[in-house]
Amino acid sequence: MRTASKSPFRLVLIMLGLILASGPAPAADYDLVINNGRVMNPANGLDSVRNIGIRDGRIEAISRDALDGKQQVEVGGLVVAPGFIDLHAHGQREFESWLQARDGVTTQLEMEAGVYPVAAWYEQRAGASPINYGATVGHPPVRIATMADLKSIGLDESDLAVGLLNNEHFGAIAAQRNWVEDPANAEQLAGILERLQRGLDEGALGIGFGINYTAGATREEIYRAFGVAAANNVSNFVHSRFGYELELGGSVDAVQELLANAAATGAGLHIVHIGSSGGSRVPLLLEMIDSARRNGINVSTEVYPYTAWSTFIGAALFDGDFRNNLGIDYGDIELPSSGERLNQERFELLRRESPGTIIVGHGMKEDKVAAAVAHPGVMIASDGMFYNEGRAHPRGAGTFSRVLGYYVREKHALSLMDALGKMSYLPAKRLENAVPQMKRKGRIEIGADADLVIFNPETVRDNATFSEPALPSSGIEHVLVNGVFVVRNGAPQKDESPGRAVRR
């Protein structure tokens with residue numbers, strides 16, 4: 001019986017199939033897949049087990065179905081949340097950045113003190129940070145650049161670019177009191193406003209103020225600076241003029257000044273650390289802020305979850321009768337470098353001879369702090385300082401885990417979803433109108449940056465204390481920045497520097 005021969009076309013198809021079958025396997029769809037995590041997205045309320053596909057540093061899939069990735073990481077039983085965004089991070093050297101990464105922070109921003117010159121600050125940070133970074137143009141360093149005699153201490157404006165509170169020369173700068181105490185004359189005011197504008201032109205995220213540290217800055221000066229922010233559609237991030245327990249010249253007056261400036265100029269306003277600035281008046285100040293927002297003022301605030309604050313001993317807030325104004329005594333002031341509690345003689349010596357010395361002040365009330373942490377719309381921000389030989393306020397290491405472990409799990413002061421929103425989505429929303437890239441942060445959505453924190457809600461906790469302030473948090477299992485692990489299985493990945501600039 002004669003067998004029909006195969007046609008040439010059929011032979012070609014068979015050979016092509018064999019070639020394809022023996023060729024390389026198809027490429028995986030994603031660079032990384034996070035499997036079986038409890039995905040919590042404060043932006044839309046999602047709270048469900050999902051798989052997340054990440055490609056080129058972005059979230060590209062959120063699915064119940066299995067996903068194919070070059071790397072697969074199993075996170076069953078863990079929460080997957082947007083990486084935390086710290087609007088108030090002074091300490092941005094390598095040491096502090098890694099501590100914050102281990103606390104779940106993926107973006108650290110210096111929004112209160114700010115920086116100047118702005119372009120030089122960003123250039124110094126490029127390619128060297130495990131987490132994302134950014135800053136406002138700071139009214140305090142601009143005042144220094146305009147009014148201080150930098151040449152007399154061997155400096156010029158460029159030496160300010162490392163950041164004011166990270167500056168090795170800060171003690172010498174703080175000893176010059178004219179930028180702190182003197183009102184600006186007409187020429188100096190023009191110079192201040194011009195430098196603020198220059199900083200915004202160089203990509204600063206807004207304008208930062210430490211009015212409590214620049215007592216000579218008149219109300220007109222601050223009002224004019226708010227006008228610069230309004231003209232550039234950015235917000236002001238402000239340490240208010242007073243944090244005192246006084247009826248006149250106290251925290252209520254200070255917040256009223258800021259709300260009036262925001263209303264008069266139309267500029268956005270963010271009031272920093274309402275707990276430490278507000279003292280016993282925190283409930284009233286929160287009521288004022290809520291009312292202002294309902295009446296059309298673009299205002300927000302933040303808190304850190306500790307009952308002690310920190311600053312430098314030469315700060316203007318210690319001028320005058322600070323014990324009555326602040327409701328503390330000398331013994332409530334601690335040197336984090338040694339744990340020493342001060343007396344009057346030691347306090348006055350350090351003020352005179354070492355004004356840049358960092359101190360911790362004990363005196364805030366737990367009920368007022370807890371009320372602010374739980375209050376709707378109040379964001380969480382660390383106000384973390386730079387560490388000197390591993391010593392500083394513990395908030396630089398434990399702020400975000402403390403909220404999750406103490407205020408959510410132990411005290412039940414707020415829900416886990418609300419806490420995550422205060423630490424991720426709300427800070428991103430605060431900035432996104434002026435800084436478009438923030439629309440890709442603080443949420444778990446298709447196209448968002450793969451900035452993620454993955455933690456155990458049953459074990460997450462802060463470990464840093466006032467005696468051991470550099471202990472990293474625990475329960476933070478994985479942290480990704482732009483799709484790259486900077487913390488994996490609880491360990492920092494010190495060879496990675498995926499942090500990118502957040503800049504206008």
# chains A, B, ... in the order shown; residues from 1 in each chain; ligands from 1
>>> closest_atom_pairs(of="stretch 57-130 of chain A", to="stretch 445-469 of chain A", cutoff="7 Å", atoms="only C-alpha atoms", output="CSV")
residue,atom,partner,partner_atom,distance
A:Gly57,CA,A:Ala450,CA,5.5
A:Arg58,CA,A:Asp449,CA,4.5
A:Ile59,CA,A:Ile446,CA,5.3
A:Glu60,CA,A:Ile446,CA,5.1
A:Ala61,CA,A:Ile446,CA,6.1
A:Leu78,CA,A:Asn456,CA,4.9
A:Val79,CA,A:Phe455,CA,5.4
A:Val80,CA,A:Ile454,CA,4.5
A:Ala81,CA,A:Val453,CA,5.4
A:Pro82,CA,A:Leu452,CA,4.7
A:Gly83,CA,A:Leu452,CA,4.3
A:Gly104,CA,A:Val453,CA,5.5
A:Thr106,CA,A:Asp451,CA,6.1
>>> residues_around(residues="A:Ala372", least_positions_apart="6", cutoff="7 Å", atoms="only C-alpha atoms", output="list in words")
Gly275, Val303 and Val378 of chain A
>>> write_last_selection(atoms="C-alpha atoms", output="PDB file, in the first residue's frame")
ATOM      1  CA  GLY A 275       1.514  67.128  70.340  1.00  0.00           C
ATOM      2  CA  VAL A 303       2.118  63.975  65.653  1.00  0.00           C
ATOM      3  CA  VAL A 378      -3.684  63.659  61.856  1.00  0.00           C
TER       4      VAL A 378
END
>>> residues_around(residues="stretch 30-34 of chain A", least_positions_apart="5", cutoff="8 Å", atoms="only C-alpha atoms", output="list of chain:residue names")
A:Asn51, A:Ile52, A:Gly53, A:Ile54, A:Arg55, A:Asp56, A:Leu67, A:Asp68, A:Gly69, A:Lys70, A:Gln71, A:Gln72, A:Val73, A:Glu74, A:Val75, A:Gly483
>>> closest_residue(among="A:Leu416, A:Leu258, A:Ile62, A:Ala229", to="A:His139", atoms="only C-alpha atoms")
A:Ala229
>>> closest_atom_pairs(of="stretch 395-477 of chain A", to="stretch 96-101 of chain A", cutoff="7 Å", atoms="only C-alpha atoms", output="JSON lines")
{"residue": "A:Gly396", "atom": "CA", "partner": "A:Gln100", "partner_atom": "CA", "distance": 6.8}
{"residue": "A:Ala397", "atom": "CA", "partner": "A:Leu99", "partner_atom": "CA", "distance": 5.3}
{"residue": "A:Pro472", "atom": "CA", "partner": "A:Leu99", "partner_atom": "CA", "distance": 6.0}
>>> closest_residue(among="A:Val487, A:Met438, A:Val142, A:Leu426", to="A:Thr107", atoms="only C-alpha atoms")
A:Met438
>>> atom_distance(atom1="atom CA of A:Met379", atom2="atom CA of A:Arg102")
19.5 Å
>>> select_by_dssp(residues="stretch 103-194 of chain A", states="alpha helix (DSSP H)", output="PyMOL selection string")
chain A and resi 118-125+139-147+170-175+178-181+186-194
>>> closest_residue(among="A:Gly243, A:Asn489, A:Ser63, A:Ala381", to="A:Asn324", atoms="only C-alpha atoms")
A:Gly243
>>> closest_residue(among="A:Tyr387, A:Tyr213, A:Trp179, A:Phe170", to="A:Gly356", atoms="only C-alpha atoms")
A:Phe170
>>> residues_around(residues="stretch 360-362 of chain A", least_positions_apart="2", cutoff="6 Å", atoms="only C-alpha atoms", output="list of chain:residue names")
A:Ala308, A:Trp309, A:Ser310, A:Asp332, A:Ile333, A:Glu334
>>> atom_distance(atom1="atom CA of A:Pro117", atom2="atom CA of A:Leu155")
13.5 Å
>>> atom_distance(atom1="atom CA of A:Arg503", atom2="atom CA of A:Asn132")
10.3 Å
>>> closest_residue(among="A:His273, A:Arg395, A:Arg294, A:Lys368", to="A:Met111", atoms="only C-alpha atoms")
A:His273
>>> residues_around(residues="A:His239", least_positions_apart="2", cutoff="6 Å", atoms="only C-alpha atoms", output="MDAnalysis selection string")
chainID A and resid 209:211 272
>>> select_by_dssp(residues="stretch 243-456 of chain A", states="strand (DSSP E)", output="VMD selection string")
chain A and resid 268 to 271 299 to 303 308 to 312 333 to 335 340 to 341 358 to 362 379 to 380 452 to 455
